[in-house]
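Structure first, commentary second.
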Amino acid sequence: MVAGEKVLQMIGISPLTAKKIKRFRSIRRGYWSLVVFALLVFLSLFAELLVNNRAIVVSYNGRLYFPTYGNMIPGSVFGLDYEYETNYRQLAKKFRAEQDGNWIVMPPVPYGPYENDLSAGRYPPTPPSFSQKHYLGTDTSGRDVLARLVYGFRTAILFSLALLAITYVTGIIIGCAMGYWGGLFDLLLQRIIEVWSNIPVLYVIIIISSLLVPSFVILLVIMACFGWVSRTWIMRTVTYKEREREYVLAARALGASDLRIVLSHIIPNTVSIIITFVPFSIAEGIIALTSLDYLGFGLPPPTPSWGELLHQGWTNMDAWWIVCSVVVALVLTLTLVTFIGEAIREAFDPKMHTTYE
Amino acid sequence: MTGTDNRNTDGNTPLLAIRDLVVSFATDEGQRIRAIDGVCLDVKPGEILGIVGESGCGKSVTALSVMRLLPKPAGRIESGRIIFDNIDLAKLAPNRMRAYRGSRISMIFQEPMTALNPVHTVGRQLVEAVLLHKKNIGKKEAMSIAVEMLEMVGIPEPGRRMGEYPHQLSGGMRQRIMIAMALSCGPDLLIADEPTTALDVTVQAQILELIKRMQAGTGMSVIMITHDLGVIAETSSRVCVMYAGRIVETADVKTLFSSPAHPYTRGLLASIPRLGTRRKTRLPVIPGVVPSLSDLPPGCRFQNRCDRVMDICRSVPPEPTVVGTGHTAACHAIGM
Ligand SMILES: Nc1ncnc2c1ncn2[C@@H]1O[C@H](COP(=O)(O)OP(=O)(O)O)[C@@H](O)[C@H]1O
Ligand SMILES: [Mg+2]
């Protein structure tokens, strides 16, 4: 523990922060939620290796192929009679039948998120089947539900994180400026924000998505345009409080410029407050994207998305596996994020620092 | 106004001359109250000037006005001049004023516990202070200056302390570090606003000793602000006594303690415990309370607590009157 603190201190983390981290780690539920969540996010970044219709490795006539990333490999390369992309699941069956020493390693879930698997000759949606390796069944167009879930998770997380980054950077800059300089600038921006936050975001998105197909970036920009407000508000309040602290006065008495005071004194001191909002913002981002997709105003099909799955499941209650999978996934993710958020809040709570014994 | 010209009789040009300074604050009711109302004082090169007065009398506001660090937008310099080295600081543009802070005029504060940034190491803050005004030196050089400064203010193992955080240090240590930061660019004037009020008695004496030593070493001027006449006796050569936003008496320390002219000063001196007094006797305390700045009586501000109050005191505010060499007091009773 002591050694760990030394290391933290060496990379520029103050003992106070180290203490907070230590306290966070001691809140088991939050800590393990973070571990699991981080692992899920990490794995989802390599989803192509885990959930994909492309093989991980193909050994054909003594040569190794790695089809996962990069251009598609036509069937003819592996001695098949077509020029379109190899069907690796069939190729695997063929290799097994031929016993020629060729082999193939498929991902654990051998289906892609865009792929309609109609080969079984059954009418989708099909229920979960281990023999088909459709562990959570297929959706109404025969796409693997698990594959859609995994890629949908990645989309939602990346969206959420990007939104987080944009809104926090904007919010911190504007909020800090408002809180630090105050006065007319603050007053003016307050009014602008009040007007701005009364614009119904959903209508704006509906209008825009009726004019053009919202891409990931467009949706992100729209959401960011409205999301910065609450961050700004928090930052403004925190800066106001921090600005009154004596060390700011002391720094100014030494001749520090406003910019230096904001960057090197105020912002570092507000990080521990801002950070407690991060997990909740991530959850918000996921929920926002999911609901937009559910309503059909989100990312265009066939982008894998939880909202779209939820909508499918809702309208096809017979195919219970769809709605069950996505609801469980959603609840699980949001629970993890909430546990993390609670633990961070508890660990970083300034009330916790003073204890009288 | 009559007092201003009598002040500087020995021909020694002051380093800092405050003339008729008026500072007002906006109250919640929308009025403006005058926290400082016509303050005049001189700080000569190389002297330690004490400013003493009860809490709330405007000592900090005076200091912050010199630094031009009044809390905005509530506080504002209404009128008056703050002449430092022939420049009127009261009218200086903000960015030019910044060049003065820390390099020519420094300030240390009452609360060493909160005057250092908790998230940065002591070393980082010291180096920052050095680099703020010495743009042409490298980080390495700044580091060695910082260590030197720490050594000078009497911090053992300065190299190790550089890597520590404020909360790892005692109050006395932190005040020493604040002093090191304030003096790192060799200012001509140090304003110490109750530098020992938050410290233990033994540490207080050490810090005062340090300030005196640094002053003697560098020849800078010091404004020592305190509510404690004991601190004044120990450090200052001259004293200004403040009451309700005005300076009521100015004298050198010996004169002030031996023959105070203003009834308020006499009251203050009488309330200091002395060796030899029996424990049971209660200290004489000045009766009454300081009038509220928003509801000042016409005439003398001390009238409601004064034992020598006269009719004139209730209508005409007293002007500073010369009592002796370098000794002025604002009281109608003088010379009567
Ligand atoms: N930030 C402020 N807002 C409003 N009034 C203030 C503020 N700071 C000081 N004042 C007024 O100025 C008076 C003098 O304060 P100050 O100089 O801090 O006293 P002290 O002599 O104890 O240092 C106070 O009594 C108060 O009325
Ligand atoms: Mg004060």
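Residues are referred to by chain and number: the chain letter is A, B, ... according to the order shown in the structure tokens, the number counts from 1 in that chain, and ligands are numbered separately from 1 in the order shown.
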Give one line per residue of chain B that approaches ligand 2 to at most 8 Å, naming the two atoms of the closest pair and their distance in Å to one decimal, counting only C-alpha atoms and all ligand atoms; sort by chain then ascending residue number and deliver it as a tab-separated table.
residue	atom	partner	partner_atom_place_in_ligand_line	distance
B:Ser55	CA	ligand 2	1 (Mg)	6.4
B:Gly56	CA	ligand 2	1 (Mg)	6.7
B:Gly58	CA	ligand 2	1 (Mg)	7.1
B:Lys59	CA	ligand 2	1 (Mg)	5.7
B:Ser60	CA	ligand 2	1 (Mg)	4.2
B:Val61	CA	ligand 2	1 (Mg)	7.4
B:Gln110	CA	ligand 2	1 (Mg)	7.8
B:Asp193	CA	ligand 2	1 (Mg)	6.6
B:Glu194	CA	ligand 2	1 (Mg)	7.0
| said: DSSP on the backbone, helix (DSSP H, G or I) only: what residues of region 34-147 of chain A does that give? Format it as a VMD selection string. | reply: chain A and resid 34 to 45 47 to 50 75 to 78 88 to 98 145 to 147
Restricting the output to C-alpha atoms, write the selected residues as a PDB file, in the first residue's frame.
ATOM      1  CA  LEU A  34     -15.173  -0.430 -12.228  1.00  0.00           C
ATOM      2  CA  VAL A  35     -12.958  -3.435 -12.912  1.00  0.00           C
ATOM      3  CA  VAL A  36     -15.754  -5.293 -14.684  1.00  0.00           C
ATOM      4  CA  PHE A  37     -16.904  -2.232 -16.593  1.00  0.00           C
ATOM      5  CA  ALA A  38     -13.393  -1.329 -17.691  1.00  0.00           C
ATOM      6  CA  LEU A  39     -12.870  -4.916 -18.813  1.00  0.00           C
ATOM      7  CA  LEU A  40     -16.097  -4.861 -20.821  1.00  0.00           C
ATOM      8  CA  VAL A  41     -15.147  -1.600 -22.490  1.00  0.00           C
ATOM      9  CA  PHE A  42     -11.672  -2.908 -23.202  1.00  0.00           C
ATOM     10  CA  LEU A  43     -12.999  -6.161 -24.654  1.00  0.00           C
ATOM     11  CA  SER A  44     -15.564  -4.327 -26.752  1.00  0.00           C
ATOM     12  CA  LEU A  45     -12.716  -2.425 -28.382  1.00  0.00           C
ATOM     13  CA  ALA A  47     -14.952  -7.077 -30.461  1.00  0.00           C
ATOM     14  CA  GLU A  48     -13.823  -8.041 -33.969  1.00  0.00           C
ATOM     15  CA  LEU A  49     -11.713 -10.793 -32.446  1.00  0.00           C
ATOM     16  CA  LEU A  50     -14.486 -12.113 -30.230  1.00  0.00           C
ATOM     17  CA  GLY A  75     -13.558 -17.091 -51.420  1.00  0.00           C
ATOM     18  CA  SER A  76     -11.329 -17.963 -54.364  1.00  0.00           C
ATOM     19  CA  VAL A  77      -8.226 -17.447 -52.238  1.00  0.00           C
ATOM     20  CA  PHE A  78      -9.244 -20.479 -50.193  1.00  0.00           C
ATOM     21  CA  TYR A  88     -15.573 -18.689 -42.829  1.00  0.00           C
ATOM     22  CA  ARG A  89     -18.122 -20.803 -40.995  1.00  0.00           C
ATOM     23  CA  GLN A  90     -18.686 -22.867 -44.144  1.00  0.00           C
ATOM     24  CA  LEU A  91     -14.978 -22.883 -44.848  1.00  0.00           C
ATOM     25  CA  ALA A  92     -14.401 -24.308 -41.374  1.00  0.00           C
ATOM     26  CA  LYS A  93     -16.883 -27.103 -42.064  1.00  0.00           C
ATOM     27  CA  LYS A  94     -15.200 -27.803 -45.405  1.00  0.00           C
ATOM     28  CA  PHE A  95     -11.735 -27.956 -43.825  1.00  0.00           C
ATOM     29  CA  ARG A  96     -13.007 -30.302 -41.156  1.00  0.00           C
ATOM     30  CA  ALA A  97     -14.509 -32.588 -43.798  1.00  0.00           C
ATOM     31  CA  GLU A  98     -11.424 -32.559 -46.025  1.00  0.00           C
ATOM     32  CA  VAL A 145     -28.527 -10.792 -31.006  1.00  0.00           C
ATOM     33  CA  LEU A 146     -25.322 -11.212 -29.012  1.00  0.00           C
ATOM     34  CA  ALA A 147     -23.308  -9.733 -31.869  1.00  0.00           C
TER      35      ALA A 147
END
| message | Quick check: residues of chain B within 6 Å of chain A, only C-alpha atoms, returned as a list in words. | response |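 The selection requested is Arg98, Arg101, Gly102, Thr114, Ala115, Leu116 and Asn117 of chain B.
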Those selected residues, please, written with N, CA, C and O atoms and delivered as a PDB file, in the first residue's frame.
ATOM      1  N   ARG B  98      -0.012  44.062 -12.089  1.00  0.00           N
ATOM      2  CA  ARG B  98       0.429  42.690 -11.846  1.00  0.00           C
ATOM      3  C   ARG B  98       1.947  42.581 -11.801  1.00  0.00           C
ATOM      4  O   ARG B  98       2.493  41.745 -11.090  1.00  0.00           O
ATOM      5  N   ARG B 101       3.034  43.210  -8.244  1.00  0.00           N
ATOM      6  CA  ARG B 101       2.722  42.204  -7.225  1.00  0.00           C
ATOM      7  C   ARG B 101       3.760  41.095  -7.240  1.00  0.00           C
ATOM      8  O   ARG B 101       4.072  40.544  -8.285  1.00  0.00           O
ATOM      9  N   GLY B 102       4.241  40.778  -6.057  1.00  0.00           N
ATOM     10  CA  GLY B 102       5.185  39.681  -5.958  1.00  0.00           C
ATOM     11  C   GLY B 102       6.600  40.094  -6.284  1.00  0.00           C
ATOM     12  O   GLY B 102       7.543  39.547  -5.735  1.00  0.00           O
ATOM     13  N   THR B 114      -4.481  27.943   4.522  1.00  0.00           N
ATOM     14  CA  THR B 114      -5.271  27.960   3.296  1.00  0.00           C
ATOM     15  C   THR B 114      -4.622  28.785   2.199  1.00  0.00           C
ATOM     16  O   THR B 114      -5.130  28.837   1.091  1.00  0.00           O
ATOM     17  N   ALA B 115      -3.511  29.428   2.508  1.00  0.00           N
ATOM     18  CA  ALA B 115      -2.915  30.314   1.510  1.00  0.00           C
ATOM     19  C   ALA B 115      -1.997  29.574   0.540  1.00  0.00           C
ATOM     20  O   ALA B 115      -1.463  30.158  -0.375  1.00  0.00           O
ATOM     21  N   LEU B 116      -1.824  28.270   0.768  1.00  0.00           N
ATOM     22  CA  LEU B 116      -1.072  27.468  -0.195  1.00  0.00           C
ATOM     23  C   LEU B 116      -2.053  26.544  -0.908  1.00  0.00           C
ATOM     24  O   LEU B 116      -3.002  26.055  -0.309  1.00  0.00           O
ATOM     25  N   ASN B 117      -1.782  26.335  -2.186  1.00  0.00           N
ATOM     26  CA  ASN B 117      -2.666  25.467  -2.961  1.00  0.00           C
ATOM     27  C   ASN B 117      -2.478  24.011  -2.521  1.00  0.00           C
ATOM     28  O   ASN B 117      -1.378  23.474  -2.606  1.00  0.00           O
TER      29      ASN B 117
END
Counting only C-alpha atoms and all ligand atoms, which residues of chain B fall within 9 Å of ligand 1, and what is the closest atom pair for each with its distance in Å at one decimal, ordered by chain and rising number, as a tab-separated table?
residue	atom	partner	partner_atom_place_in_ligand_line	distance
B:Val23	CA	ligand 1	12 (O)	8.6
B:Ser24	CA	ligand 1	5 (N)	7.9
B:Phe25	CA	ligand 1	4 (C)	5.1
B:Ala26	CA	ligand 1	4 (C)	6.3
B:Thr27	CA	ligand 1	4 (C)	6.2
B:Asp28	CA	ligand 1	4 (C)	8.6
B:Ile33	CA	ligand 1	27 (O)	7.4
B:Arg34	CA	ligand 1	12 (O)	7.6
B:Ala35	CA	ligand 1	12 (O)	4.3
B:Ile36	CA	ligand 1	12 (O)	7.3
B:Val52	CA	ligand 1	21 (O)	8.2
B:Gly53	CA	ligand 1	21 (O)	6.4
B:Glu54	CA	ligand 1	21 (O)	6.2
B:Ser55	CA	ligand 1	22 (O)	3.4
B:Gly56	CA	ligand 1	19 (O)	3.3
B:Cys57	CA	ligand 1	21 (O)	4.1
B:Gly58	CA	ligand 1	17 (O)	3.1
B:Lys59	CA	ligand 1	21 (O)	3.7
B:Ser60	CA	ligand 1	23 (O)	3.6
B:Val61	CA	ligand 1	17 (O)	3.8
B:Thr62	CA	ligand 1	17 (O)	6.4
B:Ala63	CA	ligand 1	17 (O)	7.9
B:Leu64	CA	ligand 1	17 (O)	8.3
B:Leu70	CA	ligand 1	1 (N)	7.7
B:Pro71	CA	ligand 1	1 (N)	5.6
B:Lys72	CA	ligand 1	1 (N)	8.1
B:Ala74	CA	ligand 1	3 (N)	5.9
B:Gly75	CA	ligand 1	3 (N)	6.5
B:Asp193	CA	ligand 1	23 (O)	7.7
B:Glu194	CA	ligand 1	23 (O)	8.3
B:Ile225	CA	ligand 1	23 (O)	8.2
B:Thr226	CA	ligand 1	21 (O)	8.2
B:His227	CA	ligand 1	21 (O)	7.8
B:Met242	CA	ligand 1	21 (O)	8.1
B:Tyr243	CA	ligand 1	21 (O)	8.6
B:Ala244	CA	ligand 1	25 (O)	7.8
B:Gly245	CA	ligand 1	14 (C)	7.0
B:Ser292	CA	ligand 1	27 (O)	7.9
B:Leu293	CA	ligand 1	27 (O)	6.3
B:Ser294	CA	ligand 1	27 (O)	8.2
Restricting it to N, CA, C and O atoms, dump the selection as a short mmCIF file (atom, residue, chain, number, x, y, z; two decimals), in the first residue's frame.
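selection-v8.cif written:
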data_model
loop_
_atom_site.label_atom_id
_atom_site.label_comp_id
_atom_site.auth_asym_id
_atom_site.auth_seq_id
_atom_site.Cartn_x
_atom_site.Cartn_y
_atom_site.Cartn_z
N VAL B 23 -12.22 53.67 0.38
CA VAL B 23 -12.61 52.41 -0.26
C VAL B 23 -14.01 52.07 0.19
O VAL B 23 -14.33 52.15 1.37
N SER B 24 -14.86 51.74 -0.78
CA SER B 24 -16.24 51.43 -0.39
C SER B 24 -16.60 50.01 -0.81
O SER B 24 -16.00 49.43 -1.70
N PHE B 25 -17.58 49.47 -0.12
CA PHE B 25 -18.10 48.14 -0.43
C PHE B 25 -19.60 48.21 -0.66
O PHE B 25 -20.29 48.96 0.03
N ALA B 26 -20.06 47.45 -1.62
CA ALA B 26 -21.50 47.36 -1.84
C ALA B 26 -22.09 46.45 -0.77
O ALA B 26 -21.55 45.39 -0.49
N THR B 27 -23.16 46.89 -0.15
CA THR B 27 -23.82 46.03 0.82
C THR B 27 -24.98 45.30 0.15
O THR B 27 -25.34 45.60 -0.98
N ASP B 28 -25.53 44.35 0.87
CA ASP B 28 -26.65 43.59 0.32
C ASP B 28 -27.87 44.48 0.07
O ASP B 28 -28.71 44.19 -0.75
N ILE B 33 -20.97 51.20 1.58
CA ILE B 33 -20.42 51.66 2.85
C ILE B 33 -18.93 51.93 2.66
O ILE B 33 -18.28 51.29 1.84
N ARG B 34 -18.40 52.88 3.42
CA ARG B 34 -16.99 53.21 3.31
C ARG B 34 -16.22 52.44 4.36
O ARG B 34 -16.26 52.78 5.55
N ALA B 35 -15.53 51.40 3.92
CA ALA B 35 -14.74 50.60 4.86
C ALA B 35 -13.48 51.36 5.26
O ALA B 35 -12.97 51.20 6.36
N ILE B 36 -12.98 52.17 4.33
CA ILE B 36 -11.82 53.02 4.58
C ILE B 36 -12.26 54.42 4.22
O ILE B 36 -12.81 54.63 3.15
N VAL B 52 -2.32 48.87 13.66
CA VAL B 52 -3.00 48.12 14.71
C VAL B 52 -4.44 48.62 14.83
O VAL B 52 -4.74 49.79 14.55
N GLY B 53 -5.31 47.74 15.21
CA GLY B 53 -6.71 48.12 15.38
C GLY B 53 -7.56 46.87 15.56
O GLY B 53 -7.12 45.77 15.26
N GLU B 54 -8.77 47.13 16.08
CA GLU B 54 -9.66 45.99 16.31
C GLU B 54 -10.07 45.35 14.99
O GLU B 54 -10.02 45.99 13.94
N SER B 55 -10.53 44.14 15.08
CA SER B 55 -10.96 43.44 13.89
C SER B 55 -12.12 44.19 13.23
O SER B 55 -13.02 44.68 13.90
N GLY B 56 -12.05 44.33 11.90
CA GLY B 56 -13.10 45.02 11.17
C GLY B 56 -12.86 46.50 10.99
O GLY B 56 -13.70 47.20 10.43
N CYS B 57 -11.71 47.02 11.45
CA CYS B 57 -11.48 48.45 11.36
C CYS B 57 -10.92 48.86 10.00
O CYS B 57 -10.77 50.04 9.72
N GLY B 58 -10.60 47.88 9.15
CA GLY B 58 -10.17 48.22 7.79
C GLY B 58 -8.69 48.00 7.51
O GLY B 58 -8.17 48.50 6.52
N LYS B 59 -8.04 47.22 8.34
CA LYS B 59 -6.60 46.98 8.13
C LYS B 59 -6.37 46.17 6.86
O LYS B 59 -5.55 46.53 6.02
N SER B 60 -7.13 45.08 6.73
CA SER B 60 -6.94 44.24 5.54
C SER B 60 -7.34 44.98 4.28
O SER B 60 -6.70 44.84 3.24
N VAL B 61 -8.40 45.76 4.37
CA VAL B 61 -8.85 46.50 3.20
C VAL B 61 -7.77 47.48 2.75
O VAL B 61 -7.50 47.64 1.56
N THR B 62 -7.10 48.12 3.72
CA THR B 62 -5.99 49.01 3.38
C THR B 62 -4.91 48.25 2.63
O THR B 62 -4.43 48.68 1.58
N ALA B 63 -4.55 47.08 3.17
CA ALA B 63 -3.49 46.28 2.55
C ALA B 63 -3.90 45.84 1.15
O ALA B 63 -3.12 45.95 0.20
N LEU B 64 -5.14 45.36 1.02
CA LEU B 64 -5.59 44.86 -0.28
C LEU B 64 -5.70 46.00 -1.30
O LEU B 64 -5.53 45.77 -2.50
N LEU B 70 -8.68 44.18 -4.03
CA LEU B 70 -9.97 44.26 -3.34
C LEU B 70 -10.95 43.29 -3.99
O LEU B 70 -10.92 43.09 -5.20
N PRO B 71 -11.79 42.65 -3.18
CA PRO B 71 -12.75 41.72 -3.77
C PRO B 71 -13.68 42.45 -4.75
O PRO B 71 -14.35 43.40 -4.36
N LYS B 72 -13.64 42.00 -5.99
CA LYS B 72 -14.49 42.60 -7.02
C LYS B 72 -15.78 41.82 -7.09
O LYS B 72 -15.77 40.62 -6.88
N ALA B 74 -17.64 43.95 -5.37
CA ALA B 74 -18.14 44.66 -4.19
C ALA B 74 -17.25 45.82 -3.77
O ALA B 74 -17.73 46.91 -3.48
N GLY B 75 -15.93 45.57 -3.75
CA GLY B 75 -15.02 46.58 -3.24
C GLY B 75 -14.48 47.48 -4.33
O GLY B 75 -14.27 47.05 -5.46
N ASP B 193 -0.21 40.69 6.70
CA ASP B 193 -1.53 40.91 7.29
C ASP B 193 -1.79 39.85 8.36
O ASP B 193 -2.13 38.72 8.06
N GLU B 194 -1.63 40.23 9.59
CA GLU B 194 -1.79 39.34 10.73
C GLU B 194 -1.05 38.01 10.51
O GLU B 194 -1.67 36.95 10.57
N ILE B 225 0.61 44.29 9.93
CA ILE B 225 -0.77 44.50 10.34
C ILE B 225 -1.12 43.53 11.45
O ILE B 225 -0.81 42.33 11.36
N THR B 226 -1.72 44.04 12.51
CA THR B 226 -2.05 43.15 13.63
C THR B 226 -3.14 43.79 14.49
O THR B 226 -3.39 44.99 14.40
N HIS B 227 -3.77 42.98 15.30
CA HIS B 227 -4.68 43.55 16.27
C HIS B 227 -4.04 43.50 17.66
O HIS B 227 -4.67 43.83 18.65
N MET B 242 -5.67 52.29 13.89
CA MET B 242 -6.88 52.47 13.07
C MET B 242 -8.13 52.25 13.91
O MET B 242 -8.14 51.41 14.80
N TYR B 243 -9.15 53.02 13.58
CA TYR B 243 -10.44 52.79 14.23
C TYR B 243 -11.56 53.09 13.24
O TYR B 243 -11.61 54.19 12.67
N ALA B 244 -12.42 52.15 13.00
CA ALA B 244 -13.58 52.31 12.13
C ALA B 244 -13.25 52.99 10.80
O ALA B 244 -13.88 53.96 10.41
N GLY B 245 -12.24 52.48 10.11
CA GLY B 245 -11.92 52.96 8.77
C GLY B 245 -11.08 54.22 8.71
O GLY B 245 -10.89 54.77 7.64
N SER B 292 -21.50 50.63 13.55
CA SER B 292 -21.59 49.96 12.26
C SER B 292 -21.25 50.95 11.15
O SER B 292 -21.63 52.11 11.19
N LEU B 293 -20.51 50.46 10.14
CA LEU B 293 -20.06 51.35 9.07
C LEU B 293 -21.22 51.91 8.25
O LEU B 293 -21.12 52.94 7.62
N SER B 294 -22.34 51.21 8.30
CA SER B 294 -23.48 51.68 7.51
C SER B 294 -24.29 52.71 8.29
O SER B 294 -25.20 53.33 7.76
#
| field | DSSP-assigned strand (DSSP E or B) members of region 99-191 of chain B, reported as a list in words | value |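 Checking each residue of region 99-191 of chain B, the strand (DSSP E or B) ones are Arg101, Ile105, Ser106, Met107, Ile108, Leu189, Leu190 and Ile191 of chain B.
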| request: Just give me the gap between CA of Pro125 (chain A) and CA of Ser291 (chain A) in Å, one decimal is fine. | output: 22.7 Å
| field | Contact residues around Gly171 (chain A) with only C-alpha atoms at 12 Å, ignoring same-chain residues under 5 positions, as a list in words | value |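 Residues meeting the cut-off are Leu163, Leu164, Ala165, Ile166, Cys176, Ala177, Met178, Gly179, Ile193, Ala224, Cys225, Phe226, Gly227, Trp228, Val229, Ser230, Arg231, Thr232, Trp233, Ile234, Met235, Arg236, Thr237, Val238, Thr239, Ile267 and Ile274 of chain A.
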Can you spit out the residues from that selection as a CSV table (one decimal), in the first residue's frame, using N, CA, C and O atoms?
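That gives us again.csv:
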chain,number,residue,atom,x,y,z
A,163,LEU,N,-19.2,12.2,-26.1
A,163,LEU,CA,-20.1,13.3,-25.6
A,163,LEU,C,-19.5,13.9,-24.3
A,163,LEU,O,-19.5,15.1,-24.1
A,164,LEU,N,-19.1,13.0,-23.5
A,164,LEU,CA,-18.5,13.4,-22.2
A,164,LEU,C,-17.3,14.3,-22.4
A,164,LEU,O,-17.3,15.4,-21.8
A,165,ALA,N,-16.4,13.9,-23.3
A,165,ALA,CA,-15.2,14.7,-23.5
A,165,ALA,C,-15.6,16.1,-24.0
A,165,ALA,O,-15.1,17.1,-23.5
A,166,ILE,N,-16.5,16.1,-25.0
A,166,ILE,CA,-16.8,17.4,-25.6
A,166,ILE,C,-17.5,18.3,-24.5
A,166,ILE,O,-17.2,19.5,-24.3
A,176,CYS,N,-15.8,27.9,-16.0
A,176,CYS,CA,-14.7,28.5,-15.3
A,176,CYS,C,-14.6,30.0,-15.6
A,176,CYS,O,-14.5,30.8,-14.6
A,177,ALA,N,-14.8,30.3,-16.8
A,177,ALA,CA,-14.8,31.7,-17.2
A,177,ALA,C,-15.9,32.5,-16.5
A,177,ALA,O,-15.7,33.6,-15.9
A,178,MET,N,-17.1,31.9,-16.5
A,178,MET,CA,-18.2,32.6,-15.8
A,178,MET,C,-18.0,32.7,-14.3
A,178,MET,O,-18.2,33.8,-13.8
A,179,GLY,N,-17.5,31.7,-13.7
A,179,GLY,CA,-17.3,31.7,-12.3
A,179,GLY,C,-16.2,32.6,-11.9
A,179,GLY,O,-16.2,33.3,-10.9
A,193,ILE,N,-27.9,30.8,-21.4
A,193,ILE,CA,-28.0,29.4,-21.0
A,193,ILE,C,-29.5,29.1,-20.6
A,193,ILE,O,-30.0,28.0,-21.0
A,224,ALA,N,-24.1,17.3,-28.0
A,224,ALA,CA,-23.1,18.1,-27.3
A,224,ALA,C,-23.6,19.6,-27.2
A,224,ALA,O,-23.4,20.3,-26.2
A,225,CYS,N,-24.3,20.1,-28.2
A,225,CYS,CA,-24.8,21.4,-28.3
A,225,CYS,C,-25.7,21.7,-27.1
A,225,CYS,O,-25.8,22.8,-26.6
A,226,PHE,N,-26.4,20.7,-26.6
A,226,PHE,CA,-27.3,20.9,-25.5
A,226,PHE,C,-26.7,20.3,-24.2
A,226,PHE,O,-27.2,20.7,-23.1
A,227,GLY,N,-25.7,19.4,-24.3
A,227,GLY,CA,-25.2,18.8,-23.1
A,227,GLY,C,-24.2,19.6,-22.3
A,227,GLY,O,-24.0,19.4,-21.1
A,228,TRP,N,-23.6,20.6,-22.9
A,228,TRP,CA,-22.6,21.4,-22.2
A,228,TRP,C,-23.2,22.2,-21.1
A,228,TRP,O,-22.5,22.6,-20.1
A,229,VAL,N,-24.5,22.5,-21.2
A,229,VAL,CA,-25.1,23.4,-20.2
A,229,VAL,C,-25.0,23.0,-18.8
A,229,VAL,O,-24.5,23.8,-17.9
A,230,SER,N,-25.3,21.8,-18.5
A,230,SER,CA,-25.3,21.3,-17.1
A,230,SER,C,-23.9,21.3,-16.6
A,230,SER,O,-23.6,21.6,-15.4
A,231,ARG,N,-22.9,20.9,-17.4
A,231,ARG,CA,-21.5,20.9,-17.0
A,231,ARG,C,-21.1,22.3,-16.7
A,231,ARG,O,-20.4,22.5,-15.7
A,232,THR,N,-21.5,23.2,-17.5
A,232,THR,CA,-21.1,24.6,-17.3
A,232,THR,C,-21.6,25.1,-16.0
A,232,THR,O,-20.9,25.8,-15.2
A,233,TRP,N,-22.8,24.7,-15.7
A,233,TRP,CA,-23.5,25.2,-14.4
A,233,TRP,C,-22.7,24.7,-13.2
A,233,TRP,O,-22.4,25.4,-12.3
A,234,ILE,N,-22.3,23.4,-13.3
A,234,ILE,CA,-21.6,22.8,-12.1
A,234,ILE,C,-20.2,23.5,-12.0
A,234,ILE,O,-19.8,24.0,-10.9
A,235,MET,N,-19.6,23.7,-13.1
A,235,MET,CA,-18.2,24.3,-13.1
A,235,MET,C,-18.3,25.7,-12.6
A,235,MET,O,-17.4,26.2,-11.9
A,236,ARG,N,-19.3,26.4,-13.0
A,236,ARG,CA,-19.4,27.8,-12.6
A,236,ARG,C,-19.5,27.9,-11.1
A,236,ARG,O,-18.8,28.7,-10.4
A,237,THR,N,-20.4,27.1,-10.5
A,237,THR,CA,-20.6,27.1,-9.1
A,237,THR,C,-19.3,26.7,-8.3
A,237,THR,O,-18.9,27.4,-7.4
A,238,VAL,N,-18.6,25.7,-8.8
A,238,VAL,CA,-17.4,25.2,-8.2
A,238,VAL,C,-16.3,26.3,-8.3
A,238,VAL,O,-15.6,26.5,-7.3
A,239,THR,N,-16.2,26.9,-9.4
A,239,THR,CA,-15.2,28.0,-9.6
A,239,THR,C,-15.5,29.1,-8.7
A,239,THR,O,-14.6,29.7,-8.1
A,267,ILE,N,-8.6,24.9,-11.7
A,267,ILE,CA,-9.0,23.6,-12.3
A,267,ILE,C,-8.5,22.4,-11.6
A,267,ILE,O,-9.3,21.5,-11.3
A,274,ILE,N,-15.6,17.5,-10.1
A,274,ILE,CA,-16.0,17.2,-11.4
A,274,ILE,C,-16.1,15.7,-11.7
A,274,ILE,O,-17.0,15.2,-12.3
| Expressed in Å to a single decimal, how great is the separation between CA of Met181 (chain B) and CA of Val147 (chain B)? |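 For CA of Met181 (chain B) relative to CA of Val147 (chain B), the distance reads 10.9 Å.
Distance check against Pro279 (chain A) using only C-alpha atoms: of A:Pro110, A:Gly142, A:Gly341, A:Gly101, the minimum falls on A:Gly341.
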| task | Report the distance between CA of Arg308 (chain B) and CA of Glu249 (chain B) in Å, rounded to one decimal place. | result |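 Interatomic distance here is 16.3 Å.
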| message | For Gly123 (chain B), find every residue with an atom within 10 Å (counting only C-alpha atoms), except residues of its own chain fewer than 6 positions away, and show them as a ChimeraX atom specification. | response | /B:129,142-143,146-147,150,158-165,177
| task | Name the residues in contact with Gly313 (chain A) at a cut-off of 9 Å, using only C-alpha atoms, excluding same-chain residues fewer than 5 positions from it; report them as a list in words. | result |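 Skipping anything fewer than 5 positions along the chain leaves Asp139, Thr140, Glu308, Asp318, Ala319, Trp320, Trp321, Ile322, Val323, Cys324 and Val326 of chain A.
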| Close residues, Lys135 (chain B) itself excluded, 12 Å, only C-alpha atoms, min 6 positions apart in chain, as a list of chain:residue names |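 That gives B:Ala99, B:Ser103, B:Val127, B:Glu128, B:Ala129, B:Glu141, B:Ala142, B:Cys185.
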